[in-house]
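Participant: Below is run.txt; it holds compact mmCIF, C-alpha atoms and all ligand atoms.
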# COMPACT_ATOMS: atom_id res chain seq x y z
CA MET C 27 0.00 0.00 0.00
CA LYS C 28 1.36 3.36 -0.95
CA GLY C 29 0.89 6.37 1.31
CA LYS C 30 -1.50 9.22 0.66
CA LEU C 31 -0.25 12.58 -0.59
CA VAL C 32 -2.07 15.48 1.07
CA VAL C 33 -1.42 19.09 0.09
CA VAL C 34 -2.32 21.92 2.43
CA SER C 35 -2.41 25.53 1.20
CA GLY C 36 -3.95 28.83 2.18
CA PRO C 37 -2.95 32.43 2.79
CA SER C 38 -0.17 33.30 5.26
CA GLY C 39 -1.89 33.74 8.60
CA SER C 40 -4.65 31.20 7.89
CA GLY C 41 -3.19 29.00 10.63
CA LYS C 42 -2.38 26.14 8.26
CA SER C 43 1.14 25.62 9.66
CA THR C 44 0.00 25.31 13.27
CA VAL C 45 -2.71 22.80 12.37
CA THR C 46 -0.50 20.82 9.99
CA LYS C 47 2.28 20.51 12.60
CA LEU C 48 -0.16 19.23 15.23
CA VAL C 49 -1.70 16.73 12.82
CA LYS C 50 1.72 15.44 11.73
CA ASP C 51 2.64 14.88 15.37
CA ARG C 52 -0.61 13.12 16.17
CA LEU C 53 -0.54 10.82 13.14
CA ASN C 54 3.23 10.30 13.20
CA ILE C 55 3.61 11.67 9.70
CA PRO C 56 7.24 12.50 8.88
CA LEU C 57 8.16 16.15 8.39
CA SER C 58 8.67 17.17 4.79
CA ILE C 59 11.21 19.94 4.70
CA SER C 60 11.04 22.33 1.76
CA ALA C 61 13.91 24.28 0.26
CA THR C 62 13.67 28.06 0.03
CA THR C 63 15.72 31.10 -0.91
CA ARG C 64 13.90 33.15 1.77
CA LYS C 65 16.13 34.31 4.65
CA PRO C 66 15.56 32.43 7.94
CA ARG C 67 13.30 34.17 10.45
CA ASN C 68 14.38 34.48 14.07
CA GLY C 69 14.60 31.02 15.58
CA GLU C 70 14.31 29.12 12.30
CA ILE C 71 16.85 26.36 11.83
CA ASP C 72 18.37 25.15 8.55
CA GLY C 73 17.42 21.52 7.89
CA LYS C 74 14.52 21.67 10.35
CA ASP C 75 12.22 24.50 9.25
CA TYR C 76 13.55 24.68 5.70
CA TYR C 77 16.69 24.01 3.75
CA PHE C 78 17.79 27.60 3.33
CA LEU C 79 19.55 27.90 -0.02
CA THR C 80 21.06 30.69 -2.07
CA LYS C 81 19.39 31.48 -5.36
CA GLU C 82 22.30 29.80 -7.15
CA GLU C 83 22.00 26.62 -5.08
CA PHE C 84 18.25 26.53 -5.71
CA GLN C 85 18.68 27.03 -9.45
CA LYS C 86 21.23 24.21 -9.54
CA LYS C 87 18.65 21.86 -8.01
CA ILE C 88 16.08 22.98 -10.60
CA LYS C 89 18.59 22.16 -13.35
CA ASN C 90 19.32 18.75 -11.81
CA ASP C 91 15.58 18.00 -11.73
CA GLU C 92 15.61 17.48 -7.96
CA PHE C 93 12.25 19.16 -7.29
CA TYR C 94 8.83 17.50 -7.20
CA GLU C 95 7.43 21.02 -7.55
CA PHE C 96 8.69 24.55 -6.99
CA ALA C 97 7.28 28.06 -7.27
CA ASN C 98 8.11 31.68 -6.70
CA VAL C 99 6.11 32.85 -3.68
CA HIS C 100 6.19 36.39 -2.25
CA GLY C 101 9.39 37.02 -4.24
CA ASN C 102 11.35 33.93 -3.14
CA TYR C 103 11.71 30.41 -4.46
CA TYR C 104 10.18 27.53 -2.49
CA GLY C 105 10.30 23.88 -3.52
CA THR C 106 9.57 20.32 -2.43
CA LEU C 107 12.37 17.85 -3.08
CA LYS C 108 11.40 14.72 -5.03
CA LYS C 109 13.24 12.58 -2.50
CA THR C 110 11.00 13.75 0.36
CA VAL C 111 7.79 12.77 -1.40
CA GLU C 112 8.65 9.66 -3.33
CA GLU C 113 10.62 7.78 -0.65
CA ASN C 114 7.89 8.18 1.97
CA LEU C 115 5.00 7.28 -0.34
CA GLU C 116 6.87 4.15 -1.45
CA LYS C 117 7.32 3.16 2.20
CA GLY C 118 3.56 3.42 2.64
CA LEU C 119 3.79 6.57 4.74
CA ASN C 120 1.37 9.46 4.27
CA VAL C 121 2.95 12.75 3.21
CA ILE C 122 1.59 16.22 3.97
CA LEU C 123 2.99 19.09 1.93
CA GLU C 124 2.31 22.60 3.11
CA ILE C 125 2.86 24.55 -0.07
CA ASP C 126 1.44 27.49 -2.00
CA VAL C 127 -1.41 27.35 -4.52
CA GLN C 128 0.86 27.21 -7.59
CA GLY C 129 2.77 24.25 -6.15
CA ALA C 130 -0.47 22.51 -5.18
CA LEU C 131 -1.74 22.60 -8.75
CA ILE C 132 1.56 21.22 -10.05
CA VAL C 133 1.24 18.33 -7.58
CA LYS C 134 -2.37 17.61 -8.65
CA GLU C 135 -1.28 17.60 -12.26
CA LYS C 136 1.44 15.04 -11.47
CA LYS C 137 -0.56 12.90 -9.13
CA LYS C 138 -4.30 12.86 -9.69
CA ASP C 139 -5.06 11.12 -6.40
CA ALA C 140 -3.31 13.80 -4.32
CA VAL C 141 -5.81 15.39 -1.90
CA LEU C 142 -5.83 19.19 -1.90
CA VAL C 143 -6.96 20.99 1.27
CA PHE C 144 -7.40 24.77 1.41
CA PHE C 145 -7.20 26.67 4.73
CA LYS C 146 -8.74 30.08 5.23
CA THR C 147 -9.97 32.40 7.96
CA GLU C 148 -13.59 33.59 8.22
CA ASN C 149 -12.65 36.88 6.55
CA LEU C 150 -9.71 39.07 5.57
CA GLU C 151 -9.87 41.13 8.76
CA VAL C 152 -9.10 38.08 10.89
CA LEU C 153 -6.26 37.25 8.52
CA GLU C 154 -4.76 40.73 8.81
CA ASN C 155 -4.96 40.63 12.61
CA ARG C 156 -3.20 37.27 12.70
CA LEU C 157 -0.42 38.47 10.41
CA ARG C 158 0.12 41.56 12.56
CA ASN C 159 -0.08 39.75 15.88
CA ARG C 160 2.57 37.20 15.08
CA LYS C 161 5.09 40.05 14.69
CA THR C 162 7.42 38.04 12.48
CA ASP C 163 7.24 40.19 9.36
CA SER C 164 7.84 43.83 8.42
CA GLU C 165 4.96 46.09 7.36
CA GLU C 166 6.09 45.75 3.75
CA VAL C 167 6.00 41.95 3.95
CA ILE C 168 2.57 41.99 5.67
CA GLU C 169 1.14 44.22 2.91
CA LEU C 170 2.52 41.88 0.24
CA ARG C 171 1.13 38.81 2.00
CA LEU C 172 -2.32 40.42 2.29
CA LYS C 173 -2.31 41.34 -1.36
CA ASN C 174 -1.32 37.79 -2.27
CA ALA C 175 -3.99 36.37 0.06
CA LYS C 176 -6.70 37.93 -2.09
CA LYS C 177 -5.25 36.21 -5.16
CA GLU C 178 -4.77 32.91 -3.34
CA LEU C 179 -8.42 32.85 -2.23
CA GLU C 180 -9.44 32.64 -5.88
CA TYR C 181 -7.85 29.18 -6.04
CA GLU C 182 -10.10 27.78 -3.33
CA LYS C 183 -12.48 26.21 -5.86
CA LYS C 184 -9.71 24.07 -7.32
CA TYR C 185 -9.25 22.29 -3.98
CA ASP C 186 -10.92 19.07 -2.86
CA TYR C 187 -11.66 20.39 0.67
CA VAL C 188 -11.85 23.79 2.37
CA ILE C 189 -11.25 24.22 6.11
CA VAL C 190 -12.38 27.51 7.67
CA ASN C 191 -9.94 27.70 10.56
CA LYS C 192 -11.83 29.20 13.50
CA ASN C 193 -10.61 26.80 16.13
CA ILE C 194 -7.34 24.86 16.05
CA GLU C 195 -8.71 21.71 17.66
CA GLU C 196 -11.68 21.51 15.29
CA SER C 197 -9.49 22.14 12.26
CA CYS C 198 -7.06 19.39 13.38
CA ASN C 199 -9.96 16.95 13.58
CA GLU C 200 -11.24 18.00 10.16
CA LEU C 201 -7.81 17.48 8.61
CA ILE C 202 -7.36 14.11 10.34
CA ASN C 203 -10.76 12.99 9.01
CA ILE C 204 -9.78 13.98 5.48
CA ILE C 205 -6.48 12.08 5.73
CA ASN C 206 -8.20 8.98 7.07
CA LEU C 207 -10.97 8.92 4.44
P1 LIG H 1 6.72 31.20 4.69
O1 LIG H 1 7.69 32.15 4.10
O2 LIG H 1 5.67 31.90 5.49
O3 LIG H 1 7.40 30.08 5.46
O4 LIG H 1 5.96 30.48 3.48
C1 LIG H 1 5.38 31.25 2.47
C2 LIG H 1 4.56 30.39 1.53
O5 LIG H 1 5.37 29.45 0.85
C3 LIG H 1 3.47 29.58 2.24
O6 LIG H 1 2.27 29.70 1.49
C4 LIG H 1 4.00 28.17 2.17
O7 LIG H 1 2.96 27.23 2.17
C5 LIG H 1 4.72 28.20 0.85
N1 LIG H 1 5.69 27.10 0.72
C6 LIG H 1 6.47 26.56 1.70
N2 LIG H 1 7.18 25.55 1.20
C7 LIG H 1 6.85 25.42 -0.11
C8 LIG H 1 7.23 24.52 -1.14
O8 LIG H 1 8.04 23.61 -0.98
N3 LIG H 1 6.67 24.72 -2.37
C9 LIG H 1 5.76 25.70 -2.61
N4 LIG H 1 5.24 25.79 -3.84
N5 LIG H 1 5.36 26.55 -1.66
C10 LIG H 1 5.90 26.41 -0.41
Could you take the file, read its structure, and then write that structure out as structure tokens?
Ligand code: 5GP

Facilitator:
Amino acid sequence: MKGKLVVVSGPSGSGKSTVTKLVKDRLNIPLSISATTRKPRNGEIDGKDYYFLTKEEFQKKIKNDEFYEFANVHGNYYGTLKKTVEENLEKGLNVILEIDVQGALIVKEKKKDAVLVFFKTENLEVLENRLRNRKTDSEEVIELRLKNAKKELEYEKKYDYVIVNKNIEESCNELINIINL
């Protein structure tokens, strides 16, 4: 039996990372670490949160066909390594990728039975408050992420499931139910 490939997307601040981390812990799903050219935020560790690469290193991996998918998000490259996905699925383990909408559609194109889950907040005001309250990004970055959120929300209809994240515990249960279907 091969594992299931689940893709989680949604605007920055939708709470998708918090929920995905909890669900991975609860279901013992291995972490899938993406590569990015974004600079590490305070406290982020290379090889744990992301593989932080230079643009040149990232482009070399593109050339060597090492990515399952990659995209330019908020001005930086982000990508899932083939190794991460294929090895775990072969072993029968489920894989959850937390990636942007462009990457999600590439995955669906490659693997029709991938399950796409979209996270959102009740409205944009809640999203803006969350982005501001986490105090990890500059005003410029917050503005860019809000602008992108409006575009990302248009992709919702291409997803198999939508989770409106009002409550972390409820959203975890919803995601677990989807994975276990
Ligand atoms: P952040 O900079 O907040 O960590 O992530 C920004 C965006 O990049 C989020 O929407 C996140 O889901 C997305 N992202 C993270 N890793 C990947 C990846 O490997 N591929 C793609 N396409 N998007 C990713």

Participant: Throw together the list of residues within 10 Å of ligand LIG 1 (chain H), counting all atoms listed in the file, and drop it here as number ranges by chain.

Facilitator: C: 33-40, 42-43, 58-67, 70, 75-77, 93-107, 123-133, 162-163, 167, 171, 174-175, 178

Participant: Would you mind listing what lies within 8 Å of Leu48 in chain C as a list of chain:residue names, with only C-alpha atoms counted and same-chain residues fewer than 4 positions away left out?

Facilitator: C:Thr44, C:Arg52, C:Cys198

Participant: Using all atoms listed in the file, find the one residue out of C:Leu53, C:Leu170, C:Val190, C:Ile204 that sits nearest to Leu119 in chain C.

Facilitator: C:Leu53

Participant: Which polymer residues have any atom within 12 Å of an atom of Asn159 in chain C, counting only C-alpha atoms, with same-chain residues fewer than 6 positions away left out, as a PyMOL selection string?

Facilitator: chain C and resi 39+152-153+165+168

Participant: With distances taken over all atoms listed in the file, which of C:Ile122, C:Lys87, C:Arg156, C:Glu169 is nearest to Lys47 in chain C?

Facilitator: C:Ile122

Participant: Here is a test: counting all atoms listed in the file, which residue of C:Asn120, C:Thr80, C:Asn203, C:Asn191 is nearest to Ile55 in chain C?

Facilitator: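 For Ile55 in chain C, the nearest of the given residues is C:Asn120.
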
Participant: When distances are computed from all atoms listed in the file, which of C:Pro56, C:Lys138, C:Gly41, C:Leu172 shows the smallest separation from Arg160 in chain C?

Facilitator: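 Nearest to Arg160 in chain C: C:Gly41.
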
Participant: The centre and edge lengths of an axis-aligned box containing all atoms of range 27-33 of chain C present in the file, extended by 8 Å on each side, are to be given in Å to one decimal, as lines of an AutoDock Vina configuration file.

Facilitator:
center_x = -0.4
center_y = 9.5
center_z = 0.2
size_x = 19.4
size_y = 35.1
size_z = 18.3

Participant: Which value, in Å to one decimal, gives the distance between CA of Leu150 in chain C and CA of Tyr181 in chain C?

Facilitator: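 We find that CA of Leu150 in chain C and CA of Tyr181 in chain C lie 15.4 Å from each other.
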
Participant: Identify which of the residues C:Lys30, C:Lys81, C:Lys146, C:Lys108 lies closest to Glu180 in chain C, counting all atoms listed in the file when measuring atom-to-atom distances.

Facilitator: C:Lys146

Participant: Just to confirm, what's the straight-line distance from CA of Glu166 in chain C to CA of Glu154 in chain C in Å (one decimal)?

Facilitator: 13.0 Å

Participant: C:Lys192, C:Lys89, C:Lys161, C:Lys50: which is nearest Val121 in chain C, counting all atoms listed in the file?

Facilitator: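 Of C:Lys192, C:Lys89, C:Lys161, C:Lys50, the one nearest Val121 in chain C, counting all atoms listed in the file, is C:Lys50.
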
Participant: Would you mind reading off the distance between CA of Asn149 in chain C and CA of Ser164 in chain C, one decimal, in Å?

Facilitator: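 Atom-to-atom, CA of Asn149 in chain C to CA of Ser164 in chain C, that is 21.7 Å.
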
Participant: I want to know what sits within 12 Å of Leu207 in chain C, based on only C-alpha atoms, with residues of the same chain fewer than 6 positions away left out; could you give that as a list in words?

Facilitator: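 Counting only the stated atoms, we get Lys30, Val32, Val141, Glu200 and Leu201 of chain C.
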
Participant: Keeping only C-alpha atoms, write the selected residues to a file as a PDB file, in the coordinates of the input.

Facilitator:
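File part.pdb, as written:
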ATOM      1  CA  LYS C  30      -1.500   9.220   0.660  1.00  0.00           C
ATOM      2  CA  VAL C  32      -2.070  15.480   1.070  1.00  0.00           C
ATOM      3  CA  VAL C 141      -5.810  15.390  -1.900  1.00  0.00           C
ATOM      4  CA  GLU C 200     -11.240  18.000  10.160  1.00  0.00           C
ATOM      5  CA  LEU C 201      -7.810  17.480   8.610  1.00  0.00           C
TER       6      LEU C 201
END

Participant: Would you pick out the contacts of Glu116 in chain C at 9 Å or less, using all atoms listed in the file, so that residues sharing its chain but fewer than 6 positions from it are not included, and give the list as a ChimeraX atom specification?

Facilitator: /C:27-29

Participant: Some atoms are absent from range 177-190 of chain C, so rebuild N, CA, C and O atoms and return them as an mmCIF file, keeping the file's coordinate frame.

Facilitator:
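Saved result, result-v1.cif, follows:
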data_model
loop_
_atom_site.group_PDB
_atom_site.id
_atom_site.type_symbol
_atom_site.label_atom_id
_atom_site.label_comp_id
_atom_site.auth_asym_id
_atom_site.auth_seq_id
_atom_site.Cartn_x
_atom_site.Cartn_y
_atom_site.Cartn_z
ATOM 1 N N LYS C 177 -5.430 37.026 -3.944
ATOM 2 C CA LYS C 177 -5.250 36.210 -5.160
ATOM 3 C C LYS C 177 -5.384 34.735 -4.838
ATOM 4 O O LYS C 177 -5.999 33.965 -5.568
ATOM 5 N N GLU C 178 -4.760 34.333 -3.706
ATOM 6 C CA GLU C 178 -4.770 32.910 -3.340
ATOM 7 C C GLU C 178 -6.199 32.401 -3.113
ATOM 8 O O GLU C 178 -6.528 31.271 -3.460
ATOM 9 N N LEU C 179 -7.044 33.271 -2.546
ATOM 10 C CA LEU C 179 -8.420 32.850 -2.230
ATOM 11 C C LEU C 179 -9.197 32.473 -3.491
ATOM 12 O O LEU C 179 -10.145 31.700 -3.428
ATOM 13 N N GLU C 180 -8.763 32.991 -4.622
ATOM 14 C CA GLU C 180 -9.440 32.640 -5.880
ATOM 15 C C GLU C 180 -9.208 31.179 -6.287
ATOM 16 O O GLU C 180 -9.908 30.643 -7.122
ATOM 17 N N TYR C 181 -8.176 30.569 -5.690
ATOM 18 C CA TYR C 181 -7.850 29.180 -6.040
ATOM 19 C C TYR C 181 -8.658 28.164 -5.244
ATOM 20 O O TYR C 181 -8.606 26.969 -5.509
ATOM 21 N N GLU C 182 -9.384 28.661 -4.256
ATOM 22 C CA GLU C 182 -10.100 27.780 -3.330
ATOM 23 C C GLU C 182 -10.932 26.716 -4.074
ATOM 24 O O GLU C 182 -10.970 25.556 -3.693
ATOM 25 N N LYS C 183 -11.573 27.129 -5.155
ATOM 26 C CA LYS C 183 -12.480 26.210 -5.860
ATOM 27 C C LYS C 183 -11.764 25.052 -6.544
ATOM 28 O O LYS C 183 -12.394 24.077 -6.939
ATOM 29 N N LYS C 184 -10.462 25.162 -6.692
ATOM 30 C CA LYS C 184 -9.710 24.070 -7.320
ATOM 31 C C LYS C 184 -9.326 22.981 -6.308
ATOM 32 O O LYS C 184 -8.717 21.988 -6.657
ATOM 33 N N TYR C 185 -9.646 23.218 -5.039
ATOM 34 C CA TYR C 185 -9.250 22.290 -3.980
ATOM 35 C C TYR C 185 -10.347 21.266 -3.695
ATOM 36 O O TYR C 185 -11.525 21.535 -3.913
ATOM 37 N N ASP C 186 -9.936 20.110 -3.173
ATOM 38 C CA ASP C 186 -10.920 19.070 -2.860
ATOM 39 C C ASP C 186 -11.683 19.404 -1.581
ATOM 40 O O ASP C 186 -12.854 19.064 -1.448
ATOM 41 N N TYR C 187 -11.019 20.040 -0.609
ATOM 42 C CA TYR C 187 -11.660 20.390 0.670
ATOM 43 C C TYR C 187 -11.248 21.791 1.095
ATOM 44 O O TYR C 187 -10.129 22.221 0.812
ATOM 45 N N VAL C 188 -12.172 22.470 1.810
ATOM 46 C CA VAL C 188 -11.850 23.790 2.370
ATOM 47 C C VAL C 188 -12.073 23.716 3.882
ATOM 48 O O VAL C 188 -13.122 23.244 4.328
ATOM 49 N N ILE C 189 -11.085 24.154 4.650
ATOM 50 C CA ILE C 189 -11.250 24.220 6.110
ATOM 51 C C ILE C 189 -11.247 25.687 6.527
ATOM 52 O O ILE C 189 -10.279 26.416 6.234
ATOM 53 N N VAL C 190 -12.342 26.143 7.132
ATOM 54 C CA VAL C 190 -12.380 27.510 7.670
ATOM 55 C C VAL C 190 -11.852 27.408 9.101
ATOM 56 O O VAL C 190 -12.486 26.830 9.974
#
